[in-house]
Every structure is written in structure tokens, then in C-alpha cells.
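The file query04.txt comes next; it holds compact mmCIF, C-alpha atoms.
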```
# COMPACT_ATOMS: atom_id res chain seq x y z
CA MET N 1 -21.48 1.61 -16.62
CA ALA N 2 -20.48 -1.35 -18.79
CA GLN N 3 -22.46 -4.54 -18.51
CA VAL N 4 -20.63 -7.08 -16.36
CA GLN N 5 -20.13 -10.61 -17.62
CA HIS N 6 -22.18 -13.34 -15.94
CA SER N 7 -18.93 -15.12 -15.04
CA GLN N 8 -17.75 -12.03 -13.15
CA ILE N 9 -20.97 -11.91 -11.15
CA GLU N 10 -20.57 -15.60 -10.36
CA GLN N 11 -17.03 -14.96 -9.11
CA TRP N 12 -18.31 -12.23 -6.82
CA ARG N 13 -21.09 -14.50 -5.60
CA ALA N 14 -18.67 -17.39 -4.96
CA ALA N 15 -16.32 -15.04 -3.10
CA GLY N 16 -19.14 -13.88 -0.82
CA LEU N 17 -19.21 -10.37 -2.25
CA TYR N 18 -22.61 -10.56 -3.91
CA ASP N 19 -25.92 -12.15 -3.00
CA PRO N 20 -28.52 -11.81 -5.77
CA ASN N 21 -31.28 -12.45 -3.21
CA ASP N 22 -30.27 -9.57 -0.94
CA SER N 23 -32.70 -6.64 -0.82
CA CYS N 24 -29.87 -4.29 -1.90
CA ALA N 25 -28.49 -6.61 -4.60
CA GLY N 26 -28.84 -4.00 -7.35
CA GLU N 27 -26.90 -1.35 -5.48
CA ARG N 28 -24.29 -3.90 -4.41
CA LEU N 29 -23.82 -5.03 -8.01
CA GLU N 30 -23.35 -1.41 -9.11
CA LEU N 31 -20.74 -0.93 -6.39
CA LEU N 32 -18.86 -4.09 -7.39
CA GLU N 33 -18.98 -3.09 -11.06
CA TRP N 34 -17.58 0.35 -10.26
CA ILE N 35 -14.82 -0.96 -7.99
CA SER N 36 -13.86 -3.51 -10.63
CA SER N 37 -13.83 -0.84 -13.34
CA GLN N 38 -11.33 1.12 -11.24
CA GLY N 39 -8.87 -1.78 -11.43
CA ALA N 40 -9.39 -3.54 -8.11
CA SER N 41 -8.76 -7.27 -8.18
CA LEU N 42 -11.08 -9.90 -6.75
CA ALA N 43 -8.54 -10.61 -4.00
CA GLU N 44 -8.41 -6.92 -3.04
CA MET N 45 -12.20 -6.79 -2.97
CA VAL N 46 -12.45 -9.88 -0.77
CA THR N 47 -9.84 -8.54 1.64
CA ALA N 48 -11.49 -5.12 1.83
CA ASN N 49 -14.92 -6.69 2.32
CA ALA N 50 -13.64 -8.86 5.18
CA ALA N 51 -12.30 -5.72 6.87
CA GLY N 52 -15.58 -3.84 6.32
CA GLN N 53 -13.83 -1.46 3.91
CA LEU N 54 -15.17 -2.44 0.50
CA ILE N 55 -16.84 0.91 -0.05
CA SER N 56 -13.53 2.76 0.47
CA LEU N 57 -11.33 0.34 -1.51
CA VAL N 58 -10.86 2.63 -4.52
CA SER N 59 -9.88 5.65 -2.43
CA ASP N 60 -7.67 3.46 -0.24
CA ARG N 61 -5.85 2.18 -3.33
CA THR N 62 -5.33 5.78 -4.46
CA MET N 63 -4.17 7.07 -1.08
CA ARG N 64 -2.11 3.99 -0.19
CA PRO N 65 -0.98 2.30 -3.39
CA ALA N 66 0.23 -1.27 -3.26
CA PRO N 67 3.98 -1.74 -2.93
CA THR N 68 5.79 -2.35 -6.22
CA LEU N 69 9.44 -1.85 -5.27
CA THR N 70 11.99 -3.86 -3.33
CA ALA N 71 14.83 -2.68 -1.11
CA ASN N 72 17.12 -3.71 -3.96
CA ASP N 73 15.17 -1.38 -6.28
CA ILE N 74 15.39 1.51 -3.81
CA ALA N 75 19.14 0.99 -3.41
CA ALA N 76 19.67 0.90 -7.18
CA ARG N 77 17.58 4.01 -7.82
CA THR N 78 19.00 6.13 -4.99
CA GLY N 79 22.60 4.97 -4.84
CA LEU N 80 22.23 4.10 -1.17
CA PRO N 81 23.82 0.86 -0.03
CA LEU N 82 21.26 -1.91 0.53
CA ALA N 83 22.22 -2.08 4.21
CA THR N 84 21.38 1.62 4.59
CA VAL N 85 17.99 1.18 2.92
CA GLN N 86 17.24 -1.63 5.36
CA GLN N 87 18.45 0.45 8.34
CA ILE N 88 16.22 3.34 7.30
CA ARG N 89 13.23 1.01 6.97
CA ARG N 90 13.80 -0.31 10.49
CA ALA N 91 14.38 3.22 11.86
CA THR N 92 10.97 4.27 10.57
CA GLY N 93 9.40 1.48 12.61
CA PHE N 94 8.85 -1.11 9.91
CA PRO N 95 10.12 -4.66 10.38
CA SER N 96 13.06 -6.07 8.47
CA ALA N 97 12.12 -7.44 5.08
CA ASP N 98 13.78 -9.60 2.48
CA PRO N 99 15.64 -7.31 0.04
CA ALA N 100 13.68 -8.88 -2.83
CA ALA N 101 10.25 -8.45 -1.19
CA THR N 102 7.99 -5.74 -2.64
CA VAL N 103 7.47 -3.53 0.40
CA PHE N 104 8.04 -0.01 -0.98
CA CYS N 105 5.84 2.27 -3.07
CA GLU N 106 6.94 4.52 -5.89
CA HIS N 107 6.38 7.67 -3.83
CA GLU N 108 8.92 6.46 -1.25
CA VAL N 109 11.79 6.76 -3.74
CA GLN N 110 11.87 10.53 -3.23
CA MET N 111 12.08 10.09 0.54
CA PHE N 112 15.08 7.78 0.14
CA GLU N 113 16.68 10.27 -2.27
CA LEU N 114 16.40 12.91 0.46
CA PHE N 115 17.96 10.51 2.95
CA ALA N 116 20.76 9.85 0.46
CA ALA N 117 21.43 13.60 0.26
CA ALA N 118 21.33 13.92 4.06
CA ASP N 119 23.67 10.93 4.36
CA ALA N 120 26.38 13.07 2.75
CA PHE N 121 26.13 15.71 5.51
CA PHE N 122 25.33 13.75 8.66
CA SER N 123 26.83 10.71 10.30
CA ARG N 124 24.86 7.51 9.97
CA ASP N 125 23.93 7.65 13.67
CA GLU N 126 22.67 11.23 13.31
CA LEU N 127 20.66 10.35 10.22
CA LEU N 128 19.07 7.29 11.84
CA HIS N 129 18.30 9.26 15.01
CA PHE N 130 16.61 11.97 12.93
CA ILE N 131 14.56 9.34 11.07
CA ARG N 132 13.47 7.71 14.35
CA VAL N 133 12.39 11.08 15.77
CA MET N 134 10.41 11.92 12.62
CA ALA N 135 8.76 8.48 12.52
CA SER N 136 7.84 8.71 16.19
CA SER N 137 6.34 12.17 15.63
CA PHE N 138 4.30 10.95 12.66
CA ARG N 139 2.96 8.06 14.74
CA ARG N 140 1.90 10.41 17.54
CA VAL N 141 0.16 12.75 15.09
CA ALA N 142 -1.63 9.81 13.47
CA GLU N 143 -2.82 8.56 16.85
CA ALA N 144 -4.15 11.98 17.89
```

Rewritten as C-alpha cells:
Amino acid sequence: MAQVQHSQIEQWRAAGLYDPNDSCAGERLELLEWISSQGASLAEMVTANAAGQLISLVSDRTMRPAPTLTANDIAARTGLPLATVQQIRRATGFPSADPAATVFCEHEVQMFELFAAADAFFSRDELLHFIRVMASSFRRVAEA
């Protein structure tokens, strides 16, 4: 593993991520170096640490990537009207969001493309009902 700059270690120390006097300081430093080498930011590391999830941060970032797209982006890429994108978001159980807020991930584009195709065959009410049923089912499975 590459040698970490002293300034980086100081940032981790100042953020409460690293204590050089801790009995496991060496292992902790290796963990922080590895997480950093995988592209995690200091802010992500601090947030994960506060939630007790620092050790799983890299896999969490892989499984649940950070949002990079807006509702405007989804509408432009799928041809769905912005209002429909927002209705679908609400039907899946997510709160309303500003159309310019980054709340969608790249992998969600395909889902909206499928909804756009279904929108051609079903009424809007039927489509939204289907989405609500699917979202409710996914929630129940996740809770089980």
C-alpha cells in the first residue's frame, strides 16, 4: 500500500478517525489508507464512522453508489415528462425533490426507461398503481 502523506494522517486525526495512541493504531491506519485508496472522501469516512459503518464503506459505495443524476437528467435521458419522473419517485415511496437535486443513480435510468415503455401501454393511474405495489413489495421483502 502506498505511503500516506503526513497531512492526510493529520486530517484523519483531526476528524476523529485516527488516534495514533490507540492500541490498534497501526491496523486503523491501514484501514484508512485502504478506504482512501478506493476513492472515499474524508466526509464519507467521517459519516460512515459516526454510523459505525467505516469498515463497510467501500462495499457500501459499490452496492449503493452516490446519486449523480437529477430528475431533469432522468427526464432528458428517458423522454418522460419531468412531472412523470417526479410522480414515479413519489410512487416508489421517496419524498418529492427539487428537479435539480442529485437524487438518482446511474442504474436507475434503466428502470425509468422501462417505465417509459410501460407508459405507452398503460394509463398513468395503472402505471403508478403498479409502481406502488412493487415498491410496497420490495419494502416488505427488505424488512423480512

Near segment 70-81 of chain N, 9 Å: segment 106-139 of chain N residue rows, closest pairs, all atoms listed in the file, as a tab-separated table:
```
residue	atom	partner	partner_atom	distance
N:Glu108	CA	N:Ile74	CA	8.5
N:Val109	CA	N:Ile74	CA	6.4
N:Gln110	CA	N:Thr78	CA	8.6
N:Phe112	CA	N:Thr78	CA	6.7
N:Glu113	CA	N:Thr78	CA	5.5
N:Phe115	CA	N:Leu80	CA	8.7
N:Ala116	CA	N:Leu80	CA	6.2
N:Asp119	CA	N:Leu80	CA	8.9
```

**OP:** Identify, on the basis of only C-alpha atoms, every residue whose closest approach to segment 124-128 of chain N does not exceed 8 Å; exclude the query and any residue fewer than 2 positions from it along the same chain; express the result as a PyMOL selection string.
**Re:** chain N and resi 87-88+91+115+118-119+122+130-132

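The two atoms in question, atom CA of Glu143 of chain N and atom CA of Val46 of chain N, are spaced 27.3 Å apart.
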
Original post:
Which polymer residues have any atom within 8 Å of an atom of segment 2-19 of chain N, counting only C-alpha atoms, with same-chain residues fewer than 2 positions away left out, as an NGL selection string?
Top reply: :N and (21-22 or 25 or 28-29 or 33 or 42 or 45-46 or 49)

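Nearest residue to Thr62 of chain N, choosing from N:Ala50, N:Met134, N:Ala40, N:Ala120 and counting all atoms listed in the file: N:Ala40.
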
**OP:** Excluding Gln38 of chain N and residues on its chain fewer than 2 positions from it, collect all residues at most 12 Å away from it, counting only C-alpha atoms, and give them as a count of residues only.
**Re:** 18

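When all atoms listed in the file are used to measure the gap to Glu106 of chain N, the shortest distance among N:Ser136, N:Ser123, N:Thr84, N:Thr68 belongs to N:Thr68.
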
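Taking atom CA of Cys105 of chain N and atom CA of Met63 of chain N as the two end points, the separation is 11.3 Å.
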
Is it possible to add N, CA and C atoms to segment 101-137 of chain N and hand it back as a compact mmCIF listing (two decimals), in the frame of the given file?
```txt
# COMPACT_ATOMS: atom_id res chain seq x y z
N ALA N 101 11.69 -8.54 -1.43
CA ALA N 101 10.25 -8.45 -1.19
C ALA N 101 9.74 -7.07 -1.60
N THR N 102 8.58 -7.03 -2.23
CA THR N 102 7.99 -5.74 -2.64
C THR N 102 7.30 -5.11 -1.43
N VAL N 103 7.99 -4.18 -0.80
CA VAL N 103 7.47 -3.53 0.40
C VAL N 103 7.46 -2.00 0.29
N PHE N 104 7.97 -1.46 -0.81
CA PHE N 104 8.04 -0.01 -0.98
C PHE N 104 7.16 0.43 -2.13
N CYS N 105 6.65 1.66 -2.01
CA CYS N 105 5.84 2.27 -3.07
C CYS N 105 6.68 3.27 -3.84
N GLU N 106 6.22 3.58 -5.02
CA GLU N 106 6.94 4.52 -5.89
C GLU N 106 7.19 5.86 -5.21
N HIS N 107 6.22 6.36 -4.46
CA HIS N 107 6.38 7.67 -3.83
C HIS N 107 7.46 7.68 -2.76
N GLU N 108 7.88 6.52 -2.28
CA GLU N 108 8.92 6.46 -1.25
C GLU N 108 10.33 6.67 -1.81
N VAL N 109 10.48 6.56 -3.12
CA VAL N 109 11.79 6.76 -3.74
C VAL N 109 12.31 8.16 -3.40
N GLN N 110 11.45 9.15 -3.51
CA GLN N 110 11.87 10.53 -3.23
C GLN N 110 12.35 10.68 -1.78
N MET N 111 11.66 10.03 -0.85
CA MET N 111 12.08 10.09 0.54
C MET N 111 13.49 9.51 0.69
N PHE N 112 13.75 8.38 0.05
CA PHE N 112 15.08 7.78 0.14
C PHE N 112 16.13 8.64 -0.57
N GLU N 113 15.74 9.34 -1.61
CA GLU N 113 16.68 10.27 -2.27
C GLU N 113 17.07 11.40 -1.31
N LEU N 114 16.10 11.88 -0.54
CA LEU N 114 16.40 12.91 0.46
C LEU N 114 17.33 12.37 1.54
N PHE N 115 17.08 11.13 1.96
CA PHE N 115 17.96 10.51 2.95
C PHE N 115 19.36 10.32 2.38
N ALA N 116 19.45 10.00 1.10
CA ALA N 116 20.76 9.85 0.46
C ALA N 116 21.51 11.18 0.48
N ALA N 117 20.80 12.28 0.21
CA ALA N 117 21.43 13.60 0.26
C ALA N 117 21.86 13.94 1.69
N ALA N 118 21.01 13.65 2.66
CA ALA N 118 21.33 13.92 4.06
C ALA N 118 22.49 13.06 4.54
N ASP N 119 22.60 11.86 3.98
CA ASP N 119 23.67 10.93 4.36
C ASP N 119 25.05 11.52 4.05
N ALA N 120 25.10 12.44 3.11
CA ALA N 120 26.38 13.07 2.75
C ALA N 120 26.79 14.13 3.77
N PHE N 121 25.84 14.63 4.57
CA PHE N 121 26.13 15.71 5.51
C PHE N 121 26.15 15.27 6.97
N PHE N 122 25.45 14.19 7.27
CA PHE N 122 25.33 13.75 8.66
C PHE N 122 25.93 12.37 8.82
N SER N 123 26.34 12.07 10.04
CA SER N 123 26.83 10.71 10.30
C SER N 123 25.64 9.75 10.22
N ARG N 124 25.93 8.50 10.06
CA ARG N 124 24.86 7.51 9.97
C ARG N 124 24.02 7.51 11.24
N ASP N 125 24.67 7.61 12.40
CA ASP N 125 23.93 7.65 13.67
C ASP N 125 23.01 8.86 13.74
N GLU N 126 23.50 10.01 13.30
CA GLU N 126 22.67 11.23 13.31
C GLU N 126 21.49 11.08 12.37
N LEU N 127 21.73 10.54 11.20
CA LEU N 127 20.66 10.35 10.22
C LEU N 127 19.60 9.40 10.76
N LEU N 128 20.03 8.27 11.32
CA LEU N 128 19.07 7.29 11.84
C LEU N 128 18.31 7.85 13.04
N HIS N 129 18.98 8.63 13.88
CA HIS N 129 18.30 9.26 15.01
C HIS N 129 17.22 10.23 14.50
N PHE N 130 17.57 11.04 13.52
CA PHE N 130 16.61 11.97 12.93
C PHE N 130 15.40 11.22 12.37
N ILE N 131 15.65 10.13 11.66
CA ILE N 131 14.56 9.34 11.07
C ILE N 131 13.67 8.77 12.17
N ARG N 132 14.26 8.26 13.24
CA ARG N 132 13.47 7.71 14.35
C ARG N 132 12.59 8.79 14.98
N VAL N 133 13.15 9.98 15.18
CA VAL N 133 12.39 11.08 15.77
C VAL N 133 11.22 11.45 14.86
N MET N 134 11.48 11.57 13.56
CA MET N 134 10.41 11.92 12.62
C MET N 134 9.33 10.83 12.60
N ALA N 135 9.73 9.58 12.56
CA ALA N 135 8.76 8.48 12.52
C ALA N 135 7.92 8.46 13.79
N SER N 136 8.56 8.68 14.92
CA SER N 136 7.84 8.71 16.19
C SER N 136 6.84 9.87 16.21
N SER N 137 7.24 11.01 15.69
CA SER N 137 6.34 12.17 15.63
C SER N 137 5.15 11.89 14.73
```
